[in-house]
Each structure stands twice: as C-alpha cells, then as structure tokens.
>>> print(open('entry-v2.json').read())   # JSON, C-alpha atoms
[["chain", "number", "residue", "atom", "x", "y", "z"],
["A", 1, "MET", "CA", 215.23, 252.94, -5.82],
["A", 2, "GLU", "CA", 215.37, 254.52, -2.36],
["A", 3, "THR", "CA", 213.18, 251.76, -0.88],
["A", 4, "GLY", "CA", 215.41, 249.10, -2.41],
["A", 5, "PHE", "CA", 218.50, 250.79, -0.99],
["A", 6, "ILE", "CA", 216.95, 250.90, 2.50],
["A", 7, "ILE", "CA", 215.98, 247.21, 2.33],
["A", 8, "GLU", "CA", 219.47, 246.28, 1.08],
["A", 9, "THR", "CA", 221.10, 248.23, 3.93],
["A", 10, "ILE", "CA", 218.87, 246.57, 6.54],
["A", 11, "VAL", "CA", 219.65, 243.11, 5.13],
["A", 12, "LYS", "CA", 223.39, 243.84, 5.14],
["A", 13, "ALA", "CA", 223.24, 245.10, 8.73],
["A", 14, "ALA", "CA", 221.32, 242.00, 9.84],
["A", 15, "VAL", "CA", 223.80, 239.69, 8.10],
["A", 16, "VAL", "CA", 226.82, 241.46, 9.65],
["A", 17, "LEU", "CA", 225.21, 241.38, 13.10],
["A", 18, "ALA", "CA", 224.34, 237.68, 12.85],
["A", 19, "VAL", "CA", 227.60, 236.53, 11.25],
["A", 20, "PHE", "CA", 229.97, 238.40, 13.54],
["A", 21, "SER", "CA", 227.97, 237.59, 16.68],
["A", 22, "ALA", "CA", 228.34, 233.92, 15.74],
["A", 23, "LEU", "CA", 232.02, 234.39, 14.85],
["A", 24, "ALA", "CA", 232.67, 236.07, 18.21],
["A", 25, "GLY", "CA", 231.37, 232.98, 19.97],
["A", 26, "PHE", "CA", 233.15, 230.57, 17.65],
["A", 27, "THR", "CA", 236.44, 232.44, 18.12],
["A", 28, "THR", "CA", 236.26, 231.78, 21.87],
["A", 29, "TYR", "CA", 236.23, 228.04, 21.11],
["A", 30, "ILE", "CA", 239.08, 228.32, 18.60],
["A", 31, "GLU", "CA", 241.07, 230.40, 21.05],
["A", 32, "ARG", "CA", 240.70, 227.83, 23.82],
["A", 33, "LYS", "CA", 241.73, 224.99, 21.50],
["A", 34, "ILE", "CA", 244.74, 226.87, 20.07],
["A", 35, "LEU", "CA", 245.95, 227.92, 23.52],
["A", 36, "ALA", "CA", 245.51, 224.36, 24.78],
["A", 37, "PHE", "CA", 247.48, 222.98, 21.82],
["A", 38, "MET", "CA", 250.34, 225.43, 22.35],
["A", 39, "GLN", "CA", 250.42, 224.77, 26.11],
["A", 40, "ARG", "CA", 250.08, 220.96, 25.79],
["A", 41, "ARG", "CA", 246.54, 220.77, 27.17],
["A", 42, "TRP", "CA", 243.36, 219.28, 25.73],
["A", 43, "GLY", "CA", 241.08, 222.30, 26.00],
["A", 44, "PRO", "CA", 237.30, 221.74, 25.73],
["A", 45, "MET", "CA", 236.71, 218.01, 25.11],
["A", 46, "HIS", "CA", 233.61, 216.79, 26.95],
["A", 47, "VAL", "CA", 230.71, 218.59, 25.22],
["A", 48, "GLY", "CA", 230.36, 216.99, 21.81],
["A", 49, "PRO", "CA", 233.16, 215.41, 19.75],
["A", 50, "HIS", "CA", 236.42, 217.26, 20.51],
["A", 51, "GLY", "CA", 234.36, 219.77, 22.48],
["A", 52, "VAL", "CA", 232.75, 221.33, 19.40],
["A", 53, "LEU", "CA", 229.46, 221.84, 21.28],
["A", 54, "GLN", "CA", 231.20, 223.79, 24.04],
["A", 55, "LEU", "CA", 230.15, 226.96, 22.21],
["A", 56, "ALA", "CA", 226.47, 225.98, 22.52],
["A", 57, "ALA", "CA", 226.97, 225.09, 26.18],
["A", 58, "ASP", "CA", 228.55, 228.49, 26.85],
["A", 59, "GLY", "CA", 225.68, 230.25, 25.08],
["A", 60, "ILE", "CA", 223.06, 228.38, 27.09],
["A", 61, "LYS", "CA", 224.94, 229.16, 30.29],
["A", 62, "LEU", "CA", 225.10, 232.90, 29.53],
["A", 63, "PHE", "CA", 221.40, 233.11, 28.60],
["A", 64, "THR", "CA", 220.21, 231.19, 31.67],
["A", 65, "LYS", "CA", 222.63, 232.39, 34.34],
["A", 66, "GLU", "CA", 221.23, 234.64, 37.04],
["A", 67, "ASP", "CA", 221.50, 238.30, 36.08],
["A", 68, "PHE", "CA", 222.13, 240.25, 39.29],
["A", 69, "ILE", "CA", 222.85, 243.93, 39.93],
["A", 70, "PRO", "CA", 224.82, 245.00, 43.03],
["A", 71, "GLN", "CA", 222.72, 246.75, 45.66],
["A", 72, "ASN", "CA", 224.66, 250.02, 45.62],
["A", 73, "ALA", "CA", 225.29, 250.14, 41.88],
["A", 74, "ALA", "CA", 224.06, 252.99, 39.69],
["A", 75, "LYS", "CA", 221.53, 250.71, 38.02],
["A", 76, "PRO", "CA", 220.69, 252.55, 34.75],
["A", 77, "ILE", "CA", 224.37, 253.10, 33.94],
["A", 78, "PHE", "CA", 225.26, 249.56, 35.05],
["A", 79, "MET", "CA", 222.66, 248.16, 32.65],
["A", 80, "ILE", "CA", 223.53, 250.30, 29.63],
["A", 81, "ALA", "CA", 227.34, 249.89, 29.77],
["A", 82, "PRO", "CA", 227.45, 246.43, 28.06],
["A", 83, "ILE", "CA", 225.10, 247.70, 25.34],
["A", 84, "ILE", "CA", 227.51, 250.56, 24.56],
["A", 85, "THR", "CA", 230.42, 248.14, 24.16],
["A", 86, "ALA", "CA", 228.56, 245.75, 21.85],
["A", 87, "ALA", "CA", 226.75, 248.46, 19.85],
["A", 88, "THR", "CA", 229.85, 250.54, 19.07],
["A", 89, "ALA", "CA", 231.75, 247.40, 17.99],
["A", 90, "PHE", "CA", 229.10, 246.57, 15.38],
["A", 91, "ILE", "CA", 228.45, 250.18, 14.31],
["A", 92, "ALA", "CA", 232.16, 250.53, 13.51],
["A", 93, "MET", "CA", 231.80, 247.65, 11.03],
["A", 94, "THR", "CA", 229.32, 249.57, 8.89],
["A", 95, "ALA", "CA", 232.10, 251.40, 7.00],
["A", 96, "VAL", "CA", 234.30, 248.32, 6.49],
["A", 97, "PRO", "CA", 234.25, 246.69, 3.01],
["A", 98, "PHE", "CA", 234.54, 242.98, 3.78],
["A", 99, "PHE", "CA", 234.72, 241.54, 0.25],
["A", 100, "PRO", "CA", 234.88, 242.71, -3.37],
["A", 101, "GLU", "CA", 231.64, 243.25, -5.28],
["A", 102, "PHE", "CA", 229.92, 240.13, -6.58],
["A", 103, "GLU", "CA", 226.84, 239.18, -8.60],
["A", 104, "LEU", "CA", 223.89, 237.44, -6.93],
["A", 105, "PHE", "CA", 220.88, 236.54, -9.09],
["A", 106, "GLY", "CA", 221.86, 239.27, -11.53],
["A", 107, "TYR", "CA", 222.12, 241.89, -8.78],
["A", 108, "THR", "CA", 225.46, 243.52, -7.89],
["A", 109, "VAL", "CA", 226.11, 243.23, -4.17],
["A", 110, "ARG", "CA", 228.58, 245.58, -2.48],
["A", 111, "PRO", "CA", 229.64, 243.97, 0.83],
["A", 112, "ILE", "CA", 229.75, 247.25, 2.77],
["A", 113, "ILE", "CA", 226.82, 248.69, 4.71],
["A", 114, "SER", "CA", 227.73, 252.35, 4.24],
["A", 115, "ASP", "CA", 230.47, 253.49, 1.86],
["A", 116, "VAL", "CA", 231.41, 256.79, 3.51],
["A", 117, "ASN", "CA", 234.33, 258.76, 2.08],
["A", 118, "VAL", "CA", 235.89, 259.10, 5.56],
["A", 119, "GLY", "CA", 235.66, 255.40, 6.38],
["A", 120, "VAL", "CA", 238.90, 255.20, 8.39],
["A", 121, "LEU", "CA", 237.93, 258.23, 10.49],
["A", 122, "PHE", "CA", 234.44, 256.83, 11.05],
["A", 123, "VAL", "CA", 235.69, 253.41, 12.20],
["A", 124, "LEU", "CA", 238.30, 254.90, 14.56],
["A", 125, "GLY", "CA", 235.82, 257.46, 15.91],
["A", 126, "VAL", "CA", 233.05, 254.98, 16.65],
["A", 127, "ALA", "CA", 235.46, 252.41, 18.09],
["A", 128, "SER", "CA", 236.86, 255.06, 20.43],
["A", 129, "VAL", "CA", 233.38, 255.62, 21.88],
["A", 130, "GLY", "CA", 233.48, 251.98, 22.95],
["A", 131, "LEU", "CA", 235.77, 252.88, 25.87],
["A", 132, "TYR", "CA", 232.70, 254.34, 27.64],
["A", 133, "GLY", "CA", 231.30, 250.82, 28.07],
["A", 134, "PRO", "CA", 234.04, 249.44, 30.37],
["A", 135, "LEU", "CA", 234.60, 252.88, 31.94],
["A", 136, "LEU", "CA", 230.93, 253.32, 32.92],
["A", 137, "ALA", "CA", 230.73, 249.67, 33.99],
["A", 138, "GLY", "CA", 233.64, 250.16, 36.38],
["A", 139, "MET", "CA", 232.36, 253.46, 37.74],
["A", 140, "SER", "CA", 228.78, 252.23, 38.30],
["A", 141, "SER", "CA", 229.50, 248.86, 39.93],
["A", 142, "ALA", "CA", 230.18, 250.07, 43.50],
["A", 143, "ASN", "CA", 233.28, 247.87, 43.55],
["A", 144, "LYS", "CA", 236.85, 249.12, 43.96],
["A", 145, "TRP", "CA", 238.24, 246.44, 41.61],
["A", 146, "SER", "CA", 235.74, 247.41, 38.93],
["A", 147, "LEU", "CA", 236.63, 251.08, 39.41],
["A", 148, "LEU", "CA", 240.33, 250.27, 39.03],
["A", 149, "GLY", "CA", 239.60, 248.31, 35.84],
["A", 150, "GLY", "CA", 237.53, 251.19, 34.49],
["A", 151, "ALA", "CA", 240.31, 253.69, 35.23],
["A", 152, "ARG", "CA", 242.80, 251.50, 33.39],
["A", 153, "THR", "CA", 240.36, 251.38, 30.48],
["A", 154, "ALA", "CA", 240.41, 255.15, 30.07],
["A", 155, "ILE", "CA", 244.19, 255.38, 30.35],
["A", 156, "GLN", "CA", 244.98, 252.49, 28.02],
["A", 157, "LEU", "CA", 242.45, 253.08, 25.25],
["A", 158, "LEU", "CA", 242.90, 256.85, 25.08],
["A", 159, "SER", "CA", 246.69, 256.51, 24.93],
["A", 160, "TYR", "CA", 246.81, 253.85, 22.25],
["A", 161, "GLU", "CA", 244.11, 255.49, 20.12],
["A", 162, "VAL", "CA", 246.58, 258.33, 19.58],
["A", 163, "VAL", "CA", 249.23, 255.82, 18.47],
["A", 164, "SER", "CA", 246.84, 254.06, 16.08],
["A", 165, "GLY", "CA", 245.72, 257.37, 14.58],
["A", 166, "LEU", "CA", 249.28, 258.59, 14.04],
["A", 167, "ALA", "CA", 250.32, 255.20, 12.66],
["A", 168, "LEU", "CA", 247.58, 255.41, 10.01],
["A", 169, "LEU", "CA", 248.38, 259.01, 9.13],
["A", 170, "ALA", "CA", 251.46, 258.10, 7.07],
["A", 171, "PRO", "CA", 249.75, 255.55, 4.75],
["A", 172, "LEU", "CA", 246.74, 257.88, 4.44],
["A", 173, "MET", "CA", 249.10, 260.66, 3.27],
["A", 174, "MET", "CA", 250.35, 258.33, 0.53],
["A", 175, "VAL", "CA", 246.87, 257.30, -0.62],
["A", 176, "GLY", "CA", 245.32, 260.76, -0.33],
["A", 177, "SER", "CA", 241.95, 259.42, 0.80],
["A", 178, "LEU", "CA", 240.17, 258.31, 4.00],
["A", 179, "SER", "CA", 237.98, 255.81, 2.14],
["A", 180, "LEU", "CA", 238.81, 252.18, 2.88],
["A", 181, "ILE", "CA", 237.82, 251.25, -0.68],
["A", 182, "ASP", "CA", 240.23, 253.85, -2.11],
["A", 183, "ILE", "CA", 242.98, 252.53, 0.17],
["A", 184, "ASN", "CA", 242.26, 248.98, -1.01],
["A", 185, "ASN", "CA", 242.30, 250.04, -4.68],
["A", 186, "TYR", "CA", 245.56, 251.97, -4.21],
["A", 187, "GLN", "CA", 247.36, 248.67, -3.63],
["A", 188, "THR", "CA", 246.78, 247.59, -7.23],
["A", 189, "ASP", "CA", 247.83, 249.06, -10.57],
["A", 190, "GLY", "CA", 251.53, 248.39, -10.02],
["A", 191, "ASN", "CA", 251.67, 249.49, -6.38],
["A", 192, "TYR", "CA", 252.86, 247.09, -3.70],
["A", 193, "TRP", "CA", 251.01, 246.44, -0.47],
["A", 194, "LEU", "CA", 251.30, 249.44, 1.83],
["A", 195, "VAL", "CA", 253.19, 247.35, 4.39],
["A", 196, "VAL", "CA", 256.13, 247.47, 1.94],
["A", 197, "TYR", "CA", 256.14, 251.28, 1.97],
["A", 198, "GLN", "CA", 255.11, 251.68, 5.62],
["A", 199, "PRO", "CA", 256.53, 248.77, 7.69],
["A", 200, "LEU", "CA", 256.90, 250.91, 10.82],
["A", 201, "ALA", "CA", 253.31, 252.15, 10.57],
["A", 202, "PHE", "CA", 252.20, 248.52, 10.21],
["A", 203, "VAL", "CA", 254.03, 247.44, 13.38],
["A", 204, "LEU", "CA", 252.76, 250.47, 15.33],
["A", 205, "PHE", "CA", 249.14, 249.90, 14.28],
["A", 206, "VAL", "CA", 249.29, 246.19, 15.13],
["A", 207, "MET", "CA", 250.71, 246.98, 18.59],
["A", 208, "ALA", "CA", 248.01, 249.60, 19.16],
["A", 209, "GLY", "CA", 245.46, 247.01, 18.00],
["A", 210, "PHE", "CA", 246.55, 244.69, 20.82],
["A", 211, "ALA", "CA", 245.88, 247.46, 23.36],
["A", 212, "GLU", "CA", 242.58, 248.61, 21.86],
["A", 213, "THR", "CA", 241.15, 245.08, 21.65],
["A", 214, "ASN", "CA", 242.33, 244.23, 25.19],
["A", 215, "ARG", "CA", 244.54, 241.36, 24.07],
["A", 216, "THR", "CA", 247.54, 239.89, 25.87],
["A", 217, "PRO", "CA", 250.09, 241.27, 26.68],
["A", 218, "PHE", "CA", 248.08, 244.53, 26.88],
["A", 219, "ASP", "CA", 244.94, 243.16, 28.58],
["A", 220, "LEU", "CA", 245.07, 245.35, 31.67],
["A", 221, "LEU", "CA", 241.37, 246.25, 31.55],
["A", 222, "GLU", "CA", 240.46, 242.97, 33.27],
["A", 223, "HIS", "CA", 243.78, 241.76, 34.58],
["A", 224, "GLU", "CA", 242.59, 238.66, 36.49],
["A", 225, "ALA", "CA", 245.95, 238.23, 38.23],
["A", 226, "GLU", "CA", 245.62, 241.65, 39.90],
["A", 227, "ILE", "CA", 242.08, 243.00, 39.93],
["A", 228, "VAL", "CA", 239.77, 239.93, 39.88],
["A", 229, "ALA", "CA", 238.04, 240.63, 36.53],
["A", 230, "GLY", "CA", 238.43, 244.39, 36.18],
["A", 231, "TYR", "CA", 235.42, 246.37, 35.01],
["A", 232, "ALA", "CA", 233.38, 243.16, 34.54],
["A", 233, "THR", "CA", 233.76, 241.89, 38.12],
["A", 234, "GLU", "CA", 230.10, 242.48, 39.06],
["A", 235, "TYR", "CA", 228.61, 241.33, 35.74],
["A", 236, "SER", "CA", 227.07, 237.95, 35.00],
["A", 237, "GLY", "CA", 224.93, 236.26, 32.38],
["A", 238, "MET", "CA", 224.32, 237.92, 29.05],
["A", 239, "ARG", "CA", 225.42, 241.37, 30.25],
["A", 240, "TRP", "CA", 228.88, 239.86, 30.78],
["A", 241, "GLY", "CA", 228.57, 238.12, 27.41],
["A", 242, "MET", "CA", 227.87, 241.41, 25.61],
["A", 243, "PHE", "CA", 231.20, 242.82, 26.76],
["A", 244, "PHE", "CA", 233.04, 239.93, 25.21],
["A", 245, "ILE", "CA", 230.96, 239.80, 22.04],
["A", 246, "GLY", "CA", 231.98, 243.45, 21.60],
["A", 247, "GLU", "CA", 235.61, 242.62, 22.36],
["A", 248, "TYR", "CA", 235.80, 239.86, 19.75],
["A", 249, "ALA", "CA", 233.87, 241.96, 17.22],
["A", 250, "ASN", "CA", 236.49, 244.69, 17.72],
["A", 251, "LEU", "CA", 239.18, 242.08, 17.13],
["A", 252, "PHE", "CA", 237.66, 241.23, 13.73],
["A", 253, "THR", "CA", 237.33, 244.93, 12.87],
["A", 254, "VAL", "CA", 241.01, 245.57, 13.64],
["A", 255, "CYS", "CA", 242.07, 242.52, 11.61],
["A", 256, "PHE", "CA", 239.99, 243.71, 8.62],
["A", 257, "LEU", "CA", 241.51, 247.20, 8.94],
["A", 258, "ILE", "CA", 245.05, 245.78, 8.98],
["A", 259, "SER", "CA", 244.24, 243.62, 5.95],
["A", 260, "LEU", "CA", 242.62, 246.45, 3.98],
["A", 261, "ILE", "CA", 245.15, 249.18, 4.79],
["A", 262, "PHE", "CA", 248.45, 247.29, 4.87],
["A", 263, "LEU", "CA", 248.08, 243.81, 3.36],
["A", 264, "GLY", "CA", 246.45, 244.41, -0.01],
["A", 265, "GLY", "CA", 242.82, 244.17, 1.09],
["A", 266, "PHE", "CA", 240.50, 242.09, -1.06],
["A", 267, "ASN", "CA", 242.56, 242.40, -4.23],
["A", 268, "ASP", "CA", 243.46, 239.16, -5.99],
["A", 269, "MET", "CA", 246.63, 237.60, -4.57],
["A", 270, "TRP", "CA", 248.52, 235.57, -7.20],
["A", 271, "PHE", "CA", 246.06, 232.79, -8.12],
["A", 272, "ILE", "CA", 243.85, 233.38, -5.04],
["A", 273, "PRO", "CA", 240.65, 235.40, -5.69],
["A", 274, "GLY", "CA", 240.20, 238.55, -3.64],
["A", 275, "GLY", "CA", 237.31, 237.33, -1.49],
["A", 276, "LEU", "CA", 239.26, 234.28, -0.34],
["A", 277, "ALA", "CA", 242.48, 236.30, 0.00],
["A", 278, "ILE", "CA", 241.06, 238.70, 2.60],
["A", 279, "VAL", "CA", 239.52, 235.81, 4.56],
["A", 280, "LEU", "CA", 242.94, 234.13, 4.70],
["A", 281, "LYS", "CA", 244.60, 237.37, 5.80],
["A", 282, "VAL", "CA", 242.07, 237.96, 8.57],
["A", 283, "MET", "CA", 242.37, 234.33, 9.74],
["A", 284, "MET", "CA", 246.17, 234.68, 9.81],
["A", 285, "LEU", "CA", 245.92, 237.85, 11.91],
["A", 286, "ILE", "CA", 243.39, 236.28, 14.30],
["A", 287, "PHE", "CA", 245.76, 233.35, 14.76],
["A", 288, "PHE", "CA", 248.62, 235.80, 15.40],
["A", 289, "PHE", "CA", 246.60, 237.51, 18.16],
["A", 290, "LEU", "CA", 245.85, 234.12, 19.75],
["A", 291, "TRP", "CA", 249.43, 232.93, 19.35],
["A", 292, "THR", "CA", 250.66, 236.04, 21.17],
["A", 293, "ARG", "CA", 248.34, 235.31, 24.09],
["A", 294, "ALA", "CA", 249.80, 231.82, 24.38],
["A", 295, "SER", "CA", 253.38, 233.07, 24.25],
["A", 296, "TRP", "CA", 253.72, 236.39, 26.06],
["A", 297, "PRO", "CA", 253.14, 237.34, 29.73],
["A", 298, "HIS", "CA", 251.20, 240.38, 30.90],
["A", 299, "ILE", "CA", 253.06, 243.64, 31.34],
["A", 300, "ARG", "CA", 252.60, 246.14, 34.16],
["A", 301, "PRO", "CA", 250.49, 249.29, 33.70],
["A", 302, "ASP", "CA", 253.54, 251.53, 34.09],
["A", 303, "GLN", "CA", 255.35, 249.52, 31.40],
["A", 304, "LEU", "CA", 252.34, 249.87, 29.12],
["A", 305, "MET", "CA", 252.28, 253.65, 29.46],
["A", 306, "TRP", "CA", 256.08, 253.89, 29.14],
["A", 307, "LEU", "CA", 255.94, 251.91, 25.91],
["A", 308, "CYS", "CA", 253.15, 254.10, 24.53],
["A", 309, "TRP", "CA", 254.40, 257.60, 25.35],
["A", 310, "LYS", "CA", 258.19, 257.13, 25.21],
["A", 311, "ILE", "CA", 258.58, 254.59, 22.40],
["A", 312, "LEU", "CA", 255.55, 254.20, 20.14],
["A", 313, "MET", "CA", 254.41, 257.83, 20.15],
["A", 314, "PRO", "CA", 257.79, 259.32, 19.11],
["A", 315, "LEU", "CA", 258.24, 256.60, 16.49],
["A", 316, "SER", "CA", 254.82, 257.33, 14.99],
["A", 317, "VAL", "CA", 255.53, 261.07, 14.81],
["A", 318, "ILE", "CA", 258.95, 260.44, 13.23],
["A", 319, "ASN", "CA", 257.34, 258.11, 10.67],
["A", 320, "VAL", "CA", 254.80, 260.80, 9.70],
["A", 321, "LEU", "CA", 257.57, 263.40, 9.32],
["A", 322, "ILE", "CA", 259.74, 261.10, 7.20],
["A", 323, "THR", "CA", 256.75, 260.22, 4.98],
["A", 324, "GLY", "CA", 255.98, 263.92, 4.53],
["A", 325, "PHE", "CA", 259.56, 264.79, 3.55],
["A", 326, "VAL", "CA", 259.76, 261.86, 1.11],
["A", 327, "MET", "CA", 256.49, 262.89, -0.54],
["A", 328, "MET", "CA", 257.66, 266.51, -0.81],
["A", 329, "PHE", "CA", 261.10, 265.83, -2.28]]
>>> encode(input="entry-v2.json", output="structure tokens")
Amino acid sequence: METGFIIETIVKAAVVLAVFSALAGFTTYIERKILAFMQRRWGPMHVGPHGVLQLAADGIKLFTKEDFIPQNAAKPIFMIAPIITAATAFIAMTAVPFFPEFELFGYTVRPIISDVNVGVLFVLGVASVGLYGPLLAGMSSANKWSLLGGARTAIQLLSYEVVSGLALLAPLMMVGSLSLIDINNYQTDGNYWLVVYQPLAFVLFVMAGFAETNRTPFDLLEHEAEIVAGYATEYSGMRWGMFFIGEYANLFTVCFLISLIFLGGFNDMWFIPGGLAIVLKVMMLIFFFLWTRASWPHIRPDQLMWLCWKILMPLSVINVLITGFVMMF
C-alpha cells in the first residue's frame, strides 16, 4: 500500500511538472496573440500557421542561447536563483486540488499530490519563499539595475503577501478549515460561492494576485521602461526561461486558488460537470489577467506602496473585523 502511494505521488508530481511547464510556455503564445488582437496587431505569424510554432521556436532559442555569467557576479547564488523561483512555484502546486476525484481503470484518482489539512497556509508559505529567487538574482548580478529590481521584489511581494493573507482570513473564518478541499466542499450543500459572502475579500485577493505574480499594472520587478529588465537583466538562455516558467506557474496557482476559494471550485455548475467548470473558471481568470495587461498602464512604485498600505491593508482588516462580528452575533 505504501509503495503504491509513493508511486502514485511520483506520477502525479511528474504529470503536474510536465503539464504546467508546457502550459507556461503555451500561455506566452496565447498572451502575445490576445494582446495583439486587443491592440490591433498581428502578433506571432511567421513560424507555422498563425504563428502556432512560435512556442517551439522560443523553446529552441532558450535552450541554445549562450548562457553567460557576469564576471563580477556571485556565481553560485547567480546560478541557483532561477531554480528557487521555478521550484517554489511547482512545490506550491502540490497542495492544490485541480479536479474532482475520478475513476481510471477501476482505480480512484485524487488529482492532488498532497492533501494537507493546512493547504492554504502551505501554498501561501511556499509561494512566499519564491521572492528569494528574484531578490538573490538582483543582489548577485553585479548590476545596479538588477539590484534595483531585486529591491523592488522584496518590497512588493512582502507587502502584498500581507494583503493576500488578510484577504483570505475572512473566508477561512467562515469555512473553519485551511484545507482547500474543505473550502471547495463548503460551497455546496445549499451554500453559495464564497464570492457572494466575501466580495471585498475576493477583490483584495485578486489585486494582491496581480502583485504577487508580477502582472501589469503591478509588474515593477522588471519594469522595462525604467530599469532595463529588473532582476533578470544579466540572465540569458534557460536560466532566464526558468524565471518566467515560475512566473506563469504562479499565475496558474493563483487562478486555481481564486477558483477554489471564491468561485465554487470544482463543484458542478448547473449542467457543467465540475472538472470542466474549474477549467473554464481558470481560463476566464487567465484571460482577465491578460486583458488587464492590454488595458492598463504601469503604476509608479510609490503608488503601488500607497495603494497597499493605505487602501488595501485597512480594507482587509476592516473586512476581517466585520466578518468576525457577523459570525459572533
């Protein structure tokens, strides 16, 4: 039994790693096409029909491009920083239930690698470690632009992790559990989706998600208009690619969290089965993140911090207090 469990866990981990690595690359193509459509451009068109092979071309380029390390860089730290970013992004996925249980050749498959009873805390904790990747990359690159990008990383991610944690506190108080499966199951049996009970927490968590996944308008970690390419200025080849595989993997993790905690998870939705329902919700959220990039300009670092500490933080605390009083009385 124990051997079978170990084999099943290894297979699940391999599938998640392969699928989401491929999805991270495919999302870059979709993003470029959606942005081009919204901005009246063609986007990738020359590699394959409608540019569908652009993804393969990008992969070949990353694997074959010269991998250089600056002369004065702290080489061990410089080399390990991209690994931290990619590894933490995929480790955070281990506690996320992607689909409902299903039967395969008479065997019940649970699409979650590790069903821990503090799943939300685990995902947020591991994802927060991911800030060390860009931070160490910026500090070790011997480049002032990289250092500035790394400093912004620490400020932005640490600030908005507090907002995301406080935003989730109110729905967690209602459910009474930190398990993502318990949160998903709470939104059945006559209960509405948690976004109905906690609309402010939903908005706060989505806004914090933009900052934590480095998406426009909160993409100050590598603000090309100001600091060249931020923490990744000195990176090339697959080391550079690992940063952005981790970034897109984090985007999928955040979208799954929003779907599971606020939008009914993988429960059946009207006539739509649960497995298809959560895929549609995640696709809708991914499109929303891309749509925002096509529509909104960057904001300044001081505006980002002002929004976090003077607007979002007080609102999240007020929401927790109101939820507590409502549950008491």
>>> residues_around(input="entry-v2.json", residues="segment 285-295 of chain A", least_positions_apart="5", cutoff="12 Å", atoms="all atoms listed in the file", output="PyMOL selection string")
chain A and resi 23-24+27-41+206-207+209-211+213-219+248-259+263+278-280
>>> residues_around(input="entry-v2.json", residues="segment 158-163 of chain A", least_positions_apart="4", cutoff="10 Å", atoms="all atoms listed in the file", output="JSON, numbers by chain")
{"A": [124, 125, 127, 128, 131, 152, 153, 154, 167, 168, 169, 201, 204, 205, 207, 208, 209, 210, 211, 212, 304, 305, 308, 309, 312, 313, 314, 315, 316, 317]}
>>> closest_residue(input="entry-v2.json", among="A:Val120, A:Pro111, A:Glu234, A:Phe266", to="Ala13 of chain A", atoms="only C-alpha atoms")
A:Pro111
>>> closest_residue(input="entry-v2.json", among="A:Trp145, A:Phe20, A:Phe262, A:Phe243", to="Phe202 of chain A", atoms="all atoms listed in the file")
A:Phe262
>>> axis_aligned_box(input="entry-v2.json", around="segment 302-309 of chain A", padding_each_side="5 Å", output="JSON")
{"center_x": 254.2, "center_y": 253.6, "center_z": 29.3, "size_x": 13.8, "size_y": 18.1, "size_z": 19.6}
>>> closest_residue(input="entry-v2.json", among="A:Met269, A:Val129, A:Ile91, A:Ala22", to="Thr188 of chain A", atoms="all atoms listed in the file")
A:Met269
>>> atom_distance(input="entry-v2.json", atom1="atom CA of Ala81 of chain A", atom2="atom CA of Gly133 of chain A")
4.4 Å
>>> atom_distance(input="entry-v2.json", atom1="atom CA of Asn117 of chain A", atom2="atom CA of Ser179 of chain A")
4.7 Å
